[in-house]
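A short write-up of the structure that comes next.
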Amino acid sequence: YSFRGDFTHGKAVVGTVDPSNNSIGFGTAVKFESNYVGLGAVAHEGDRNPTGISATYDSINDKVVIAYKVSDGPYMQQYEAPGMMYGIPLGPSRGTAIVGTIDHSDNSIGFGTTAVFHSARCDHISATFDSANGKVVIAYSDETNTEWHTADRSYTPPLNLTSAYGMVIVGTVDASNNTIGFGSTAYFNPTNSTSHIISTYNSTDEKVLIAYRDYNLVNRSPSEFRQGYKSFVIEGTVVGTAITFATPVEYASAFNPGGSYYSSLAYDSDNNKVV
C-alpha cells in the first residue's frame with residue numbers, strides 16, 4: 001500500500017488468518033519503495049481512485065510480486081470540471097516491480113531490487129500469475145502520450161483522452177536473487193484509452209483474462225459524455241515472455257450508462273467460470 005503518513009512511500013505488511021475465529025493478525029510493515037507510490041492523475045471521467053499498485057503471488061517460486069507506479073515527485077490533483085479529475089505530475093514516473101519473500105516465522109517480508117517495466121507514465125496496474133508458464137503478467141494503461149493541463153489551471157493544451165492505450169508485459173521471477181526480468185510489451189487495446197484494468201488467471205484453460213474500460217472518442221455523442229465508454233474482457237495466451245490476445249468481448253455497454261467504473265474478476269476453478 002501507499003502510506004500517506006510517510007510521504008506516500010510504498011509499504012507491505014503480512015497477515016495470518018486464524019480460521020478458528022475468522023480473524024487476521026499482521027506483522028510489522030516493511031517499506032519497499034522510498035519514492036511516491038501509486039499516486040494517480042488519470043484523465044478519465046469517473047476516475048476518482050486510479051489504481052497504481054497491484055500484488056500477485058508466484059506459487060512456483062513462493063514469492064510475492066508487487067507492481068506499482070512510482071514518481072520522483074508528488075502529484076497535484078485538480079478538479080477542473082464536473083466529473084473530471086486532472087493531475088499534474090511534478091516528477092517523472094514509471095512502472096516498477098519488486099519481488100518479496102515472506103518469513104512465515106514472524107510475518108515479515110524482505111525485498112530484492114526493483115525492476116522497471118515501463119519507463120514513462122502509466123496507471124491502472126493489475127498483476128496476475130500464470131502458473132502453467134511460471135510467469136507474472138502485468139496489465140496497465142500506457143499514459144506516455146497523454147496530455148495534461150498546465151500548472152496555471154488553464155485548459156490548454158487540450159486533454160488527450162484517446163492515447164492511454166492498454167498494454168501488458170510478461171515477467172519471470174529469479175528466486176535465487178529476488179529479481180524479475182521482463183519480455184517485450186504488447187498492446188491489448190492499441191486504439192482507445194484504457195482504464196479500470198483488472199486481471200485474473202484461468203488455470204484450467206491456461207489463459208490470462210483482463211477486464212478494462214474503453215473510451216472511444218468517435219463514439220461520443222454531443223449530448224452524452226459517457227456514451228464513449230464501454231467495458232470489455234479479453235483473453236491472453238502466454239508463450240515464453242510474450243503474450244497474444246483473442247478478440248475482446250463487451251460486458252457493459254455505453255448505455256448502462258458509461259460502461260463500468262470499478263470491475264473485479266474472479267475465477268471459479270470448480271466450474272471453469274469467470275465471474
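In the C-alpha cells, each chain is lettered A, B, ... as it comes, each chain's residues begin at 1, and ligands are numbered from 1 in order of appearance.
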Need the shell around Ser203 in chain A: protein/DNA/RNA residues with any atom at most 9 Å away, counting only C-alpha atoms. Skip same-chain ones fewer than 5 positions apart. Format as a short mmCIF file (atom, residue, chain, number, x, y, z; two decimals) with C-alpha atoms, in the first residue's frame?
```
data_model
loop_
_atom_site.label_atom_id
_atom_site.label_comp_id
_atom_site.auth_asym_id
_atom_site.auth_seq_id
_atom_site.Cartn_x
_atom_site.Cartn_y
_atom_site.Cartn_z
CA ASP A 130 0.26 -17.64 -14.92
CA SER A 131 1.02 -20.86 -13.01
CA ALA A 132 1.24 -23.04 -16.14
CA VAL A 208 -4.93 -14.67 -18.68
CA TYR A 267 -12.01 -17.46 -11.42
CA SER A 269 -11.90 -23.40 -10.83
CA ASN A 272 -14.28 -23.31 -15.02
#
```
Write out as a list in words which residues come within 6 Å of range 93-99 of chain A when counting only C-alpha atoms, dropping same-chain ones fewer than 3 positions away.
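Residues meeting the cut-off are Val64, Val65, Ile66, Ala67, Tyr68, Lys69, Val70, Ser71, Phe111, Gly112, Thr114, Ala115, Val116, Phe117, His118, Ser119, Ala120, Arg121, Asn178 and Thr179 of chain A.
If only C-alpha atoms are the atoms counted, then among A:Tyr229, A:Tyr201, A:Phe32, A:Tyr187 the closest residue to Ala266 in chain A is A:Tyr201.
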What separation in Å, quoted to one decimal, exists between CA of Val14 in chain A and CA of Ser263 in chain A?
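Separation between CA of Val14 in chain A and CA of Ser263 in chain A: 25.2 Å.
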So that I can see what lies close to Cys122 in chain A, please list as a list in words the residues with an atom at most 6 Å from it, counting only C-alpha atoms and leaving out residues fewer than 5 positions away in the same chain.
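Final neighbour list, sorted by chain and number: Ser141, Asp142 and Glu143 of chain A.
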